[in-house]
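Novice: First the structure, then my questions, so here it is.
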Amino acid sequence: MKILVTPPFTEEQKKQILSAAADPRDLQFCLKKDITPALLKEAEVILGNLENPDQLQYTEHLQWIQLNNAGTEGYCIPGRLPETAVLTNATGAYGLAISEHMLACLFLLRKKLDLYYVNQLQCRWKSEGHVGVIQGTTALIIGLGDIGTAFAAKMKALGCHTIGIKRRVGEKPSCVDELYGMEALDSLLPGADVVAMSLPGNPSTYHILNRERIALLSPGTIVLNAGRGTAIDTDALCEALYAGKIAGAALDVTDPEPLPADHPLWKAPGAVITPHISGGYALPETLQKIAEIFAENLKRYQSGEPLMNVVDPETGYSSGK
């Protein structure tokens, strides 16, 4: 059995994955930039993303690919994976890192720390007036996967009223006070002080926050997006920020991405933009969690047990743990 492992794991993390293998000699650690068609041709298992999902065309024996992302864009295109191959993702690895990033951005905007940092750079001692609070506000969390649930729990701990929206409602998690399906979104947006989004990129999530829905937001609303930029109508959001129709937007993802240097969103009032780094490996604990998911799923694969986080190729969502 040939098993390719592509993330930049530490030596300790490599040992963790090697210890999960029935035969450690089956594993080959190779960064995705160094993957060749010859390596893919022999691989039965790929643990980690490829440089480009198009490379799957070179596989001949692939039975399972375990992504190091929660997102599955490019891997669910019909015909891209062999019919017998299973796709799993890294749901559960990113909740800590991304939810804390979102919370940090929310505090930054509510307390006008972005304005004070600009003042600092200009050596200007100036009050920026009233700031906002987090406690007692209403947070609308669109998408209650690992990331959305972690963010909802943090907001609830801060004394917020939390409302969750899920594609399939199911049982209400304890971290949300109310739970609805997507059909309730329009009625909930006007009452939200915070709209937090951590959705994957697929046709069903495209422009979930469109021009009409952005117009429903109150002037004090802050939008947080750490899922995919395509979930928001960028032009409409940009116009709302410049017109003062919403209080701010913290975007770790944009559409287009990377955001062109001359795009007006860069200088929009209340915009905080980071280059898709809230996930990734900026937080070392994230890579460790990915290693743990890989090791556990490798054990399950070799013993014929059901895998964690199996992705439905039609929706791009995983079944979770």
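Ligands are numbered from 1 in the order shown, residues from 1 within each chain, and chains are lettered A, B, ... in the order they appear in the structure tokens.
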Apply DSSP to the structure's backbone, then extract all residues of range 212-312 of chain A labelled strand (DSSP E) and return them as a list in words.
Specialist: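 For range 212-312 of chain A, the strand (DSSP E) set is Ile222, Val223, Leu224, Asn225, Gly248, Ala249, Ala250, Leu251, Ala271, Val272 and Ile273 of chain A.
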Novice: With 7 Å as the cut-off and only C-alpha atoms counted, what is the closest atom pair between each nearby residue of range 3-105 of chain A and range 270-287 of chain A? Distances in Å to one decimal, ordered by chain and number, as CSV.
Specialist:
```
residue,atom,partner,partner_atom,distance
A:Ala93,CA,A:Thr286,CA,5.6
A:Tyr94,CA,A:Gly279,CA,6.0
A:Ala97,CA,A:Gly279,CA,6.1
A:Ile98,CA,A:Ser278,CA,5.1
A:His101,CA,A:Ser278,CA,5.9
```
Novice: At most 8 Å is the cut-off: for each residue in range 127-223 of chain A with any atom that close to an atom of range 241-247 of chain A, write down the nearest atom pair and the distance in Å rounded to one decimal, counting only C-alpha atoms, chain first then increasing number, as a Markdown table.
Specialist:
```
| residue | atom | partner | partner_atom | distance |
| --- | --- | --- | --- | --- |
| A:Ala215 | CA | A:Lys245 | CA | 7.9 |
| A:Leu217 | CA | A:Ile246 | CA | 6.8 |
| A:Ser218 | CA | A:Ile246 | CA | 6.2 |
| A:Pro219 | CA | A:Ile246 | CA | 4.1 |
| A:Gly220 | CA | A:Ala247 | CA | 4.8 |
| A:Thr221 | CA | A:Ile246 | CA | 5.3 |
| A:Ile222 | CA | A:Ala247 | CA | 5.5 |
```
Novice: If you keep C-alpha atoms, can you produce a file of those selected residues as a JSON list (two decimals), in the first residue's frame?
Specialist:
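Below you can see selection-v2.json, which holds the result:
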```json
[["chain", "number", "residue", "atom", "x", "y", "z"],
["A", 215, "ALA", "CA", -29.89, 45.93, 2.86],
["A", 217, "LEU", "CA", -28.91, 44.78, 8.18],
["A", 218, "SER", "CA", -29.01, 47.56, 10.75],
["A", 219, "PRO", "CA", -26.41, 50.38, 10.78],
["A", 220, "GLY", "CA", -24.79, 48.89, 13.89],
["A", 221, "THR", "CA", -24.21, 45.42, 12.44],
["A", 222, "ILE", "CA", -20.77, 43.89, 12.06]]
```
Novice: At what distance in Å, to one decimal, does CA of Pro78 in chain A lie from CA of Gly170 in chain A?
Specialist: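 Computed distance, CA of Gly170 in chain A to CA of Pro78 in chain A, equals 28.3 Å.
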Novice: Given the choices A:Leu185, A:Val311, A:Arg110, A:Gly143, which gets closest to Arg168 in chain A if the distance is worked out from only C-alpha atoms?
Specialist: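 Ranking A:Leu185, A:Val311, A:Arg110, A:Gly143 by distance to Arg168 in chain A, first place goes to A:Gly143.
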Novice: What is the CA of Glu314 in chain A to CA of Ser174 in chain A distance in Å?
Specialist: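 Atom-to-atom, CA of Glu314 in chain A to CA of Ser174 in chain A, that is 29.0 Å.
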Novice: Please indicate the distance in Å from CA of Ile147 in chain A to CA of Gly92 in chain A, rounded to one decimal place.
Specialist: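 Computing the Euclidean distance for CA of Ile147 in chain A and CA of Gly92 in chain A yields 7.9 Å.
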Novice: Give the alpha helix (DSSP H) residues of range 87-167 of chain A, as DSSP finds them on the backbone, and put them as JSON, numbers by chain.
Specialist: {"A": [95, 96, 97, 98, 99, 100, 101, 102, 103, 104, 105, 106, 107, 108, 109, 110, 113, 114, 115, 116, 117, 118, 119, 120, 121, 146, 147, 148, 149, 150, 151, 152, 153, 154, 155, 156, 157]}
Novice: Hey, can you spit out that residue selection with N, CA and C atoms as a JSON list (two decimals), in the first residue's frame?
Specialist:
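Generated file (out18.json):
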```json
[["chain", "number", "residue", "atom", "x", "y", "z"],
["A", 95, "GLY", "N", -11.82, 24.86, 14.44],
["A", 95, "GLY", "CA", -12.75, 25.63, 15.27],
["A", 95, "GLY", "C", -12.06, 26.57, 16.23],
["A", 96, "LEU", "N", -11.03, 26.11, 16.91],
["A", 96, "LEU", "CA", -10.32, 26.93, 17.89],
["A", 96, "LEU", "C", -9.69, 28.15, 17.22],
["A", 97, "ALA", "N", -8.88, 27.92, 16.21],
["A", 97, "ALA", "CA", -8.14, 29.01, 15.58],
["A", 97, "ALA", "C", -9.05, 30.06, 14.96],
["A", 98, "ILE", "N", -10.02, 29.60, 14.17],
["A", 98, "ILE", "CA", -10.83, 30.55, 13.40],
["A", 98, "ILE", "C", -11.84, 31.27, 14.29],
["A", 99, "SER", "N", -12.41, 30.57, 15.26],
["A", 99, "SER", "CA", -13.37, 31.25, 16.14],
["A", 99, "SER", "C", -12.69, 32.33, 16.97],
["A", 100, "GLU", "N", -11.46, 32.09, 17.41],
["A", 100, "GLU", "CA", -10.73, 33.12, 18.16],
["A", 100, "GLU", "C", -10.36, 34.30, 17.26],
["A", 101, "HIS", "N", -10.01, 34.01, 16.02],
["A", 101, "HIS", "CA", -9.73, 35.09, 15.06],
["A", 101, "HIS", "C", -10.96, 35.96, 14.86],
["A", 102, "MET", "N", -12.10, 35.33, 14.68],
["A", 102, "MET", "CA", -13.34, 36.09, 14.49],
["A", 102, "MET", "C", -13.66, 36.94, 15.71],
["A", 103, "LEU", "N", -13.46, 36.38, 16.88],
["A", 103, "LEU", "CA", -13.73, 37.11, 18.11],
["A", 103, "LEU", "C", -12.77, 38.31, 18.25],
["A", 104, "ALA", "N", -11.51, 38.10, 17.91],
["A", 104, "ALA", "CA", -10.54, 39.19, 17.98],
["A", 104, "ALA", "C", -10.94, 40.34, 17.05],
["A", 105, "CYS", "N", -11.38, 40.00, 15.85],
["A", 105, "CYS", "CA", -11.81, 41.02, 14.89],
["A", 105, "CYS", "C", -13.04, 41.76, 15.39],
["A", 106, "LEU", "N", -13.95, 41.04, 16.01],
["A", 106, "LEU", "CA", -15.16, 41.67, 16.53],
["A", 106, "LEU", "C", -14.81, 42.69, 17.61],
["A", 107, "PHE", "N", -13.95, 42.32, 18.53],
["A", 107, "PHE", "CA", -13.54, 43.26, 19.58],
["A", 107, "PHE", "C", -12.81, 44.46, 18.98],
["A", 108, "LEU", "N", -11.96, 44.19, 18.01],
["A", 108, "LEU", "CA", -11.22, 45.28, 17.37],
["A", 108, "LEU", "C", -12.16, 46.32, 16.79],
["A", 109, "LEU", "N", -13.21, 45.86, 16.10],
["A", 109, "LEU", "CA", -14.14, 46.80, 15.48],
["A", 109, "LEU", "C", -15.06, 47.46, 16.51],
["A", 110, "ARG", "N", -15.57, 46.70, 17.46],
["A", 110, "ARG", "CA", -16.48, 47.27, 18.45],
["A", 110, "ARG", "C", -15.78, 48.33, 19.31],
["A", 113, "LEU", "N", -10.43, 49.79, 17.76],
["A", 113, "LEU", "CA", -8.99, 49.64, 17.85],
["A", 113, "LEU", "C", -8.31, 49.83, 16.50],
["A", 114, "ASP", "N", -9.06, 49.56, 15.41],
["A", 114, "ASP", "CA", -8.49, 49.81, 14.09],
["A", 114, "ASP", "C", -8.21, 51.29, 13.90],
["A", 115, "LEU", "N", -9.13, 52.14, 14.38],
["A", 115, "LEU", "CA", -8.94, 53.58, 14.26],
["A", 115, "LEU", "C", -7.81, 54.06, 15.15],
["A", 116, "TYR", "N", -7.73, 53.50, 16.35],
["A", 116, "TYR", "CA", -6.68, 53.92, 17.27],
["A", 116, "TYR", "C", -5.29, 53.48, 16.79],
["A", 117, "TYR", "N", -5.23, 52.36, 16.07],
["A", 117, "TYR", "CA", -3.94, 51.94, 15.55],
["A", 117, "TYR", "C", -3.47, 52.90, 14.45],
["A", 118, "VAL", "N", -4.41, 53.34, 13.61],
["A", 118, "VAL", "CA", -4.06, 54.34, 12.60],
["A", 118, "VAL", "C", -3.57, 55.62, 13.28],
["A", 119, "ASN", "N", -4.25, 56.02, 14.33],
["A", 119, "ASN", "CA", -3.82, 57.21, 15.07],
["A", 119, "ASN", "C", -2.42, 57.03, 15.65],
["A", 120, "GLN", "N", -2.16, 55.83, 16.14],
["A", 120, "GLN", "CA", -0.83, 55.56, 16.70],
["A", 120, "GLN", "C", 0.25, 55.71, 15.64],
["A", 121, "LEU", "N", 0.01, 55.18, 14.46],
["A", 121, "LEU", "CA", 1.00, 55.28, 13.38],
["A", 121, "LEU", "C", 1.28, 56.74, 13.01],
["A", 146, "ASP", "N", -18.04, 22.97, 12.86],
["A", 146, "ASP", "CA", -17.05, 23.08, 13.94],
["A", 146, "ASP", "C", -16.73, 24.54, 14.26],
["A", 147, "ILE", "N", -16.52, 25.35, 13.22],
["A", 147, "ILE", "CA", -16.13, 26.75, 13.42],
["A", 147, "ILE", "C", -17.28, 27.57, 13.97],
["A", 148, "GLY", "N", -18.45, 27.46, 13.34],
["A", 148, "GLY", "CA", -19.60, 28.23, 13.79],
["A", 148, "GLY", "C", -20.01, 27.87, 15.21],
["A", 149, "THR", "N", -19.94, 26.60, 15.55],
["A", 149, "THR", "CA", -20.29, 26.16, 16.89],
["A", 149, "THR", "C", -19.31, 26.70, 17.92],
["A", 150, "ALA", "N", -18.02, 26.66, 17.58],
["A", 150, "ALA", "CA", -17.01, 27.19, 18.51],
["A", 150, "ALA", "C", -17.20, 28.69, 18.72],
["A", 151, "PHE", "N", -17.52, 29.41, 17.65],
["A", 151, "PHE", "CA", -17.74, 30.85, 17.79],
["A", 151, "PHE", "C", -19.00, 31.12, 18.61],
["A", 152, "ALA", "N", -20.06, 30.38, 18.36],
["A", 152, "ALA", "CA", -21.30, 30.55, 19.12],
["A", 152, "ALA", "C", -21.06, 30.33, 20.61],
["A", 153, "ALA", "N", -20.27, 29.32, 20.95],
["A", 153, "ALA", "CA", -19.99, 29.03, 22.36],
["A", 153, "ALA", "C", -19.26, 30.19, 23.03],
["A", 154, "LYS", "N", -18.32, 30.79, 22.31],
["A", 154, "LYS", "CA", -17.57, 31.92, 22.86],
["A", 154, "LYS", "C", -18.48, 33.13, 23.05],
["A", 155, "MET", "N", -19.36, 33.37, 22.08],
["A", 155, "MET", "CA", -20.27, 34.51, 22.18],
["A", 155, "MET", "C", -21.27, 34.31, 23.31],
["A", 156, "LYS", "N", -21.75, 33.10, 23.47],
["A", 156, "LYS", "CA", -22.69, 32.83, 24.56],
["A", 156, "LYS", "C", -22.01, 33.02, 25.91],
["A", 157, "ALA", "N", -20.74, 32.61, 26.00],
["A", 157, "ALA", "CA", -20.00, 32.78, 27.25],
["A", 157, "ALA", "C", -19.79, 34.25, 27.59]]
```
Novice: Near Arg80 in chain A, within 9 Å and counting only C-alpha atoms, which residues show up once chain neighbours fewer than 5 positions away are dropped, as a PyMOL selection string?
Specialist: chain A and resi 53-54+56-57+74-75
Novice: Please dump the current selection as a compact mmCIF listing (two decimals), in the first residue's frame; keep N, CA and C atoms.
Specialist:
```
# COMPACT_ATOMS: atom_id res chain seq x y z
N PRO A 53 -6.44 20.05 -7.36
CA PRO A 53 -7.25 18.83 -7.46
C PRO A 53 -7.21 18.18 -8.84
N ASP A 54 -6.82 18.94 -9.88
CA ASP A 54 -6.69 18.37 -11.22
C ASP A 54 -5.69 17.22 -11.25
N LEU A 56 -5.55 14.76 -9.54
CA LEU A 56 -6.17 13.46 -9.30
C LEU A 56 -6.28 12.62 -10.57
N GLN A 57 -6.17 13.28 -11.71
CA GLN A 57 -6.25 12.54 -12.98
C GLN A 57 -5.11 11.53 -13.13
N GLY A 74 -13.20 21.82 -5.39
CA GLY A 74 -12.36 21.21 -6.42
C GLY A 74 -12.29 19.70 -6.35
N TYR A 75 -12.58 19.13 -5.19
CA TYR A 75 -12.48 17.69 -5.02
C TYR A 75 -13.81 16.97 -5.24
```
Novice: Can you tell me which residues surround Lys41 in chain A at a distance of at most 8 Å, considering only C-alpha atoms, apart from same-chain residues fewer than 5 positions away, and format the answer as a list of chain:residue names?
Specialist: A:Tyr58, A:Thr59, A:Glu60, A:His61
Novice: From the set A:Arg228, A:Lys126, A:Lys14, A:Arg300, which residue has the shortest atom-to-atom contact distance to Leu199 in chain A, counting only C-alpha atoms?
Specialist: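 Of the candidates, the smallest distance to Leu199 in chain A is held by A:Arg228.
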Novice: Can you list, as a PyMOL selection string, every protein, DNA or RNA residue that comes within 12 Å of Thr230 in chain A when you count only C-alpha atoms, leaving out same-chain residues fewer than 3 positions away?
Specialist: chain A and resi 73+197-210+225-227+233-235+237+251-257
Novice: Using the selection just defined, write its residues with C-alpha atoms as a compact mmCIF listing (two decimals), in the first residue's frame.
Specialist:
```
# COMPACT_ATOMS: atom_id res chain seq x y z
CA GLU A 73 -13.67 22.87 -3.28
CA MET A 197 -20.28 33.24 8.56
CA SER A 198 -18.05 30.19 8.20
CA LEU A 199 -19.61 28.47 5.21
CA PRO A 200 -17.88 26.26 2.64
CA GLY A 201 -17.74 27.34 -0.97
CA ASN A 202 -20.31 25.61 -3.14
CA PRO A 203 -23.31 26.61 -5.30
CA SER A 204 -25.70 26.47 -2.33
CA THR A 205 -23.68 29.04 -0.36
CA TYR A 206 -22.94 31.45 -3.21
CA HIS A 207 -24.00 34.99 -2.21
CA ILE A 208 -25.93 33.81 0.84
CA LEU A 209 -25.41 37.40 1.94
CA ASN A 210 -26.53 39.13 -1.25
CA ASN A 225 -16.65 36.03 7.30
CA ALA A 226 -14.06 33.30 7.76
CA GLY A 227 -15.51 30.67 5.42
CA ASP A 233 -21.75 39.86 -2.62
CA THR A 234 -18.50 41.81 -2.38
CA ASP A 235 -19.68 44.84 -4.35
CA LEU A 237 -20.91 44.84 0.99
CA LEU A 251 -13.11 39.42 6.25
CA ASP A 252 -10.49 36.68 6.29
CA VAL A 253 -11.79 35.61 2.89
CA THR A 254 -12.80 37.71 -0.10
CA ASP A 255 -14.21 37.42 -3.57
CA PRO A 256 -12.02 37.72 -5.58
CA GLU A 257 -9.14 36.20 -3.68
```
Novice: Applying 9 Å and only C-alpha atoms, which residues near Pro7 in chain A remain after dropping the ones on its own chain fewer than 6 positions away? List them as an NGL selection string.
Specialist: :A and (29-32 or 47-49 or 68 or 287 or 291)
Novice: Let me make sure I understand: among A:Val195, A:Leu216, A:Ile165, A:Leu27, which one has the smallest atom-to-atom distance to Glu183 in chain A if we use only C-alpha atoms?
Specialist: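 For Glu183 in chain A, the nearest of the given residues is A:Ile165.
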Novice: Within 9 Å of Lys33 in chain A, counting only C-alpha atoms, which residues show up once you throw out same-chain ones fewer than 3 positions away? Write them as a list of chain:residue names, please.
Specialist: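 Skipping anything fewer than 3 positions along the chain leaves A:Thr6, A:Cys30, A:Thr36, A:Leu50, A:Glu51.
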